[in-house]
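Visitor: Below are the structure tokens for one structure; questions will follow.
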Amino acid sequence: MTTDLSIYQKTLNRDPVLYVDMTEAVRRGIGTVLYASPTAALVGIASRSCPGTFDSYLMSCADMDAARLLCGLLPNEGDSLLAAHEAFYLPMLKERFGLDFFLGGASFQAAYLGGSPCPIPENTLTIRQLTVDDLPQVADNYKLEGEDYLRSLLEHGQLFGGFLNDTMVGFAGRHAEGSIGLLEIFPAYRRCGFASVLEGHMINQELALNRVPFGQVLTDNAPSLALQRALGMTLSKGTLYWLSRT
């Protein structure tokens, strides 16, 4: 066992986009390699609110023996999230930890692999960083996360709103583990191209910081998958699964 993720490189190379959340978390310094071997890897994402603990875990295993080993390293209690990058050990995770699918089920990973900025259509949208003052409007329009999580993202400058004059039409942001997401366009402003503008803005922010932009999309979310392809995102061959106790 080592804390060097490169020992797991043979598996990572089979589908680099699928595992980009793991490799990027470590490269950005927000992920700690808790275990790595030729057959398994576990990365913990540091908590912003409670130093020394982890809010989420990213795991990948080549076989059931490796999966059982990593299970012994995961916390038995708490409400942390877990991203499993293979499906074969999901029944064991659900049975041992009481986990269930978060946000519905299988997701593709998407990554922007182009070196040049993502082209954004000309429009009248102004994008600015949101603050905690915007929490009521964000929470009213985004029901997939709780207010505590959204507040934390706002406090750390991770959410950005699109505005027509002084009216917010939607927002997008960066999750705690580094993925682009939280994309929401308010109903009255949909089908105007604003989703492309907001996600394109997030992609270009990541590129400017020398990061690989990435995010996850549920496999049955056809509109979002079409958006990713239109923006030049590459989809993973395999799927990952977010699990939670809560």
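Residue names in the structure tokens use chain letters A, B, ... in the order shown, residue numbers from 1 in each chain, and ligand numbers from 1 in the order shown.
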Taking only region 14-236 of chain A into account, list the residues labelled strand (DSSP E) by DSSP (computed from the backbone), as a PyMOL selection string.
Guide: chain A and resi 31-37+40-46+54-61+81-84+100-112+126-129+159-164+167-174+180-185+214-218+233-236
Visitor: Contacts of Leu150 (chain A) at 12 Å or less, counting only C-alpha atoms, minus same-chain residues fewer than 4 places along, as a count of residues only?
Guide: 30
Visitor: Under the rule that only C-alpha atoms are counted, which of A:Leu99, A:Leu227, A:Leu34, A:Ile120 is the nearest residue to Ser80 (chain A)?
Guide: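 Residue with the minimum atom-to-atom distance to Ser80 (chain A): A:Leu99.
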Visitor: Would you list the contacts of region 199-203 of chain A as a count of residues only, taking every protein, DNA or RNA residue within 7 Å and counting only C-alpha atoms, but skipping same-chain residues closer than 3 positions in sequence?
Guide: 9
Visitor: Find the nearest atom pair between each residue of region 176-207 of chain A and region 1-22 of chain A for residues within 9 Å, count only C-alpha atoms, give distances in Å to one decimal, sort rows by chain and ascending number, and present the table as a tab-separated table.
Guide:
```
residue	atom	partner	partner_atom	distance
A:Glu177	CA	A:Asp21	CA	7.5
A:Gly178	CA	A:Asp21	CA	7.4
A:Ser179	CA	A:Asp21	CA	7.1
```
Visitor: Near region 84-98 of chain A, within 9 Å and counting only C-alpha atoms, which residues show up once chain neighbours fewer than 5 positions away are dropped, as a list in words?
Guide: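 My list of contacting residues is Leu18, Tyr19, Tyr57, Leu58, Met59, Ser60, Cys61, Ala62, Asp63, Met64, Ala67, Arg68, Cys71, Pro75, Asn76, Glu77, Ala106, Gly238, Thr239, Leu240, Tyr241, Trp242, Leu243, Ser244 and Arg245 of chain A.
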Visitor: Keeping only N, CA, C and O atoms, write the selected residues as a compact mmCIF listing (two decimals), in the first residue's frame.
Guide:
```
# COMPACT_ATOMS: atom_id res chain seq x y z
N LEU A 18 -13.27 8.79 -16.63
CA LEU A 18 -14.05 8.27 -15.52
C LEU A 18 -13.39 8.59 -14.18
O LEU A 18 -14.08 8.86 -13.19
N TYR A 19 -12.07 8.55 -14.14
CA TYR A 19 -11.34 8.72 -12.88
C TYR A 19 -10.76 10.12 -12.71
O TYR A 19 -9.97 10.36 -11.80
N TYR A 57 -15.74 10.63 -0.18
CA TYR A 57 -14.71 9.66 -0.53
C TYR A 57 -14.90 9.23 -1.98
O TYR A 57 -16.03 9.05 -2.44
N LEU A 58 -13.79 9.05 -2.70
CA LEU A 58 -13.80 8.58 -4.08
C LEU A 58 -13.08 7.25 -4.10
O LEU A 58 -11.91 7.17 -3.71
N MET A 59 -13.74 6.20 -4.56
CA MET A 59 -13.12 4.87 -4.50
C MET A 59 -13.20 4.16 -5.84
O MET A 59 -14.12 4.36 -6.63
N SER A 60 -12.20 3.31 -6.06
CA SER A 60 -12.18 2.46 -7.25
C SER A 60 -11.48 1.16 -6.88
O SER A 60 -10.48 1.15 -6.16
N CYS A 61 -12.05 0.05 -7.36
CA CYS A 61 -11.50 -1.28 -7.05
C CYS A 61 -11.50 -2.16 -8.29
O CYS A 61 -12.40 -2.08 -9.12
N ALA A 62 -10.50 -3.01 -8.37
CA ALA A 62 -10.40 -3.92 -9.50
C ALA A 62 -11.10 -5.25 -9.25
O ALA A 62 -11.43 -5.96 -10.20
N ASP A 63 -11.30 -5.62 -7.96
CA ASP A 63 -11.93 -6.89 -7.64
C ASP A 63 -12.59 -6.81 -6.27
O ASP A 63 -12.43 -5.82 -5.54
N MET A 64 -13.33 -7.84 -5.89
CA MET A 64 -14.08 -7.83 -4.64
C MET A 64 -13.17 -7.84 -3.42
O MET A 64 -13.49 -7.23 -2.39
N ALA A 67 -12.30 -4.37 -2.85
CA ALA A 67 -13.46 -3.63 -2.37
C ALA A 67 -13.69 -3.89 -0.88
O ALA A 67 -14.00 -2.96 -0.12
N ARG A 68 -13.54 -5.12 -0.46
CA ARG A 68 -13.70 -5.44 0.97
C ARG A 68 -12.64 -4.73 1.80
O ARG A 68 -12.92 -4.24 2.90
N CYS A 71 -13.61 -1.13 2.18
CA CYS A 71 -14.74 -1.00 3.10
C CYS A 71 -14.26 -0.86 4.54
O CYS A 71 -14.87 -0.15 5.35
N PRO A 75 -15.65 5.18 6.95
CA PRO A 75 -16.30 5.39 8.25
C PRO A 75 -17.62 4.63 8.33
O PRO A 75 -18.38 4.56 7.36
N ASN A 76 -17.90 4.07 9.49
CA ASN A 76 -19.14 3.32 9.67
C ASN A 76 -20.33 4.22 9.94
O ASN A 76 -21.47 3.80 9.81
N GLU A 77 -20.07 5.46 10.35
CA GLU A 77 -21.13 6.38 10.68
C GLU A 77 -20.88 7.72 10.01
O GLU A 77 -19.79 7.98 9.51
N ALA A 106 -26.66 5.94 -11.89
CA ALA A 106 -25.41 5.98 -12.63
C ALA A 106 -25.20 7.33 -13.31
O ALA A 106 -26.12 7.91 -13.87
N GLY A 238 -17.17 4.37 -18.87
CA GLY A 238 -17.88 3.77 -17.75
C GLY A 238 -18.68 4.78 -16.97
O GLY A 238 -18.76 5.96 -17.33
N THR A 239 -19.30 4.32 -15.89
CA THR A 239 -20.14 5.18 -15.06
C THR A 239 -19.70 5.11 -13.60
O THR A 239 -19.08 4.14 -13.16
N LEU A 240 -20.04 6.15 -12.86
CA LEU A 240 -19.80 6.17 -11.43
C LEU A 240 -21.13 6.36 -10.70
O LEU A 240 -22.14 6.71 -11.31
N TYR A 241 -21.09 6.17 -9.37
CA TYR A 241 -22.32 6.16 -8.57
C TYR A 241 -22.07 6.91 -7.27
O TYR A 241 -21.20 6.51 -6.49
N TRP A 242 -22.84 7.97 -7.04
CA TRP A 242 -22.76 8.68 -5.77
C TRP A 242 -23.72 8.03 -4.78
O TRP A 242 -24.89 7.78 -5.09
N LEU A 243 -23.22 7.74 -3.60
CA LEU A 243 -23.99 7.09 -2.56
C LEU A 243 -23.95 7.92 -1.28
O LEU A 243 -22.98 8.63 -1.02
N SER A 244 -25.01 7.82 -0.49
CA SER A 244 -25.09 8.59 0.74
C SER A 244 -25.96 7.87 1.75
O SER A 244 -26.85 7.10 1.39
N ARG A 245 -25.71 8.13 3.03
CA ARG A 245 -26.58 7.61 4.08
C ARG A 245 -27.80 8.49 4.29
O ARG A 245 -28.74 8.09 4.96
```
Visitor: Would you give me, as a ChimeraX atom specification, the residues in region 160-214 of chain A that DSSP reads as helix (DSSP H, G or I)?
Guide: /A:187-189,194-208
Visitor: Any chance you could export the current selection's N, CA and C atoms as a PDB file, in the first residue's frame?
Guide:
```pdb
ATOM      1  N   PRO A 187     -37.014  28.801 -14.715  1.00  0.00           N
ATOM      2  CA  PRO A 187     -37.951  28.398 -15.778  1.00  0.00           C
ATOM      3  C   PRO A 187     -38.236  29.455 -16.841  1.00  0.00           C
ATOM      4  N   ALA A 188     -38.394  30.700 -16.439  1.00  0.00           N
ATOM      5  CA  ALA A 188     -38.761  31.747 -17.409  1.00  0.00           C
ATOM      6  C   ALA A 188     -37.656  32.069 -18.403  1.00  0.00           C
ATOM      7  N   TYR A 189     -36.424  31.572 -18.128  1.00  0.00           N
ATOM      8  CA  TYR A 189     -35.274  31.943 -18.958  1.00  0.00           C
ATOM      9  C   TYR A 189     -34.632  30.739 -19.649  1.00  0.00           C
ATOM     10  N   PHE A 194     -28.585  30.170 -22.036  1.00  0.00           N
ATOM     11  CA  PHE A 194     -27.880  30.619 -20.843  1.00  0.00           C
ATOM     12  C   PHE A 194     -27.117  29.487 -20.145  1.00  0.00           C
ATOM     13  N   ALA A 195     -27.603  28.255 -20.266  1.00  0.00           N
ATOM     14  CA  ALA A 195     -26.890  27.125 -19.660  1.00  0.00           C
ATOM     15  C   ALA A 195     -25.503  26.976 -20.283  1.00  0.00           C
ATOM     16  N   SER A 196     -25.419  27.124 -21.595  1.00  0.00           N
ATOM     17  CA  SER A 196     -24.122  27.032 -22.274  1.00  0.00           C
ATOM     18  C   SER A 196     -23.181  28.136 -21.804  1.00  0.00           C
ATOM     19  N   VAL A 197     -23.729  29.337 -21.607  1.00  0.00           N
ATOM     20  CA  VAL A 197     -22.903  30.465 -21.181  1.00  0.00           C
ATOM     21  C   VAL A 197     -22.356  30.241 -19.779  1.00  0.00           C
ATOM     22  N   LEU A 198     -23.216  29.805 -18.871  1.00  0.00           N
ATOM     23  CA  LEU A 198     -22.773  29.609 -17.491  1.00  0.00           C
ATOM     24  C   LEU A 198     -21.783  28.455 -17.365  1.00  0.00           C
ATOM     25  N   GLU A 199     -22.079  27.315 -17.999  1.00  0.00           N
ATOM     26  CA  GLU A 199     -21.126  26.210 -17.888  1.00  0.00           C
ATOM     27  C   GLU A 199     -19.840  26.530 -18.638  1.00  0.00           C
ATOM     28  N   GLY A 200     -19.950  27.192 -19.782  1.00  0.00           N
ATOM     29  CA  GLY A 200     -18.741  27.603 -20.496  1.00  0.00           C
ATOM     30  C   GLY A 200     -17.878  28.518 -19.660  1.00  0.00           C
ATOM     31  N   HIS A 201     -18.500  29.406 -18.906  1.00  0.00           N
ATOM     32  CA  HIS A 201     -17.765  30.288 -17.997  1.00  0.00           C
ATOM     33  C   HIS A 201     -17.014  29.473 -16.948  1.00  0.00           C
ATOM     34  N   MET A 202     -17.674  28.462 -16.383  1.00  0.00           N
ATOM     35  CA  MET A 202     -17.025  27.625 -15.375  1.00  0.00           C
ATOM     36  C   MET A 202     -15.865  26.838 -15.976  1.00  0.00           C
ATOM     37  N   ILE A 203     -16.059  26.318 -17.180  1.00  0.00           N
ATOM     38  CA  ILE A 203     -14.979  25.588 -17.852  1.00  0.00           C
ATOM     39  C   ILE A 203     -13.763  26.485 -18.031  1.00  0.00           C
ATOM     40  N   ASN A 204     -13.986  27.701 -18.499  1.00  0.00           N
ATOM     41  CA  ASN A 204     -12.864  28.605 -18.747  1.00  0.00           C
ATOM     42  C   ASN A 204     -12.204  29.072 -17.461  1.00  0.00           C
ATOM     43  N   GLN A 205     -12.966  29.166 -16.382  1.00  0.00           N
ATOM     44  CA  GLN A 205     -12.358  29.462 -15.083  1.00  0.00           C
ATOM     45  C   GLN A 205     -11.372  28.361 -14.695  1.00  0.00           C
ATOM     46  N   GLU A 206     -11.790  27.128 -14.860  1.00  0.00           N
ATOM     47  CA  GLU A 206     -10.912  26.008 -14.509  1.00  0.00           C
ATOM     48  C   GLU A 206      -9.653  25.998 -15.373  1.00  0.00           C
ATOM     49  N   LEU A 207      -9.816  26.231 -16.663  1.00  0.00           N
ATOM     50  CA  LEU A 207      -8.660  26.254 -17.558  1.00  0.00           C
ATOM     51  C   LEU A 207      -7.682  27.345 -17.136  1.00  0.00           C
ATOM     52  N   ALA A 208      -8.195  28.500 -16.744  1.00  0.00           N
ATOM     53  CA  ALA A 208      -7.335  29.606 -16.326  1.00  0.00           C
ATOM     54  C   ALA A 208      -6.554  29.261 -15.067  1.00  0.00           C
TER      55      ALA A 208
END
```
Visitor: I need the residue nearest Cys50 (chain A) from this list: A:Gly115, A:Asn165, A:Ser152, A:Cys192. Use only C-alpha atoms for the distance.
Guide: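 Selected residue with least distance to Cys50 (chain A): A:Ser152.
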Visitor: For Gly170 (chain A), which residue among A:Gly193, A:Pro38, A:Gly44, A:Gly104 is the nearest when counting only C-alpha atoms?
Guide: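 Looking only at the distances to Gly170 (chain A), the closest residue turns out to be A:Gly193.
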Visitor: So, counting only C-alpha atoms, which residue among A:Leu69, A:Ile185, A:Ala83, A:Ala111 is closest to Arg211 (chain A)?
Guide: A:Ala111
Visitor: Show which residues sit within 7 Å of Ile45 (chain A), as a list in words. Count only C-alpha atoms, and ignore same-chain residues fewer than 4 positions away.
Guide: Ile30, Gly31, Thr32, Phe54, Asp55, Ser56, Tyr57 and Glu177 of chain A
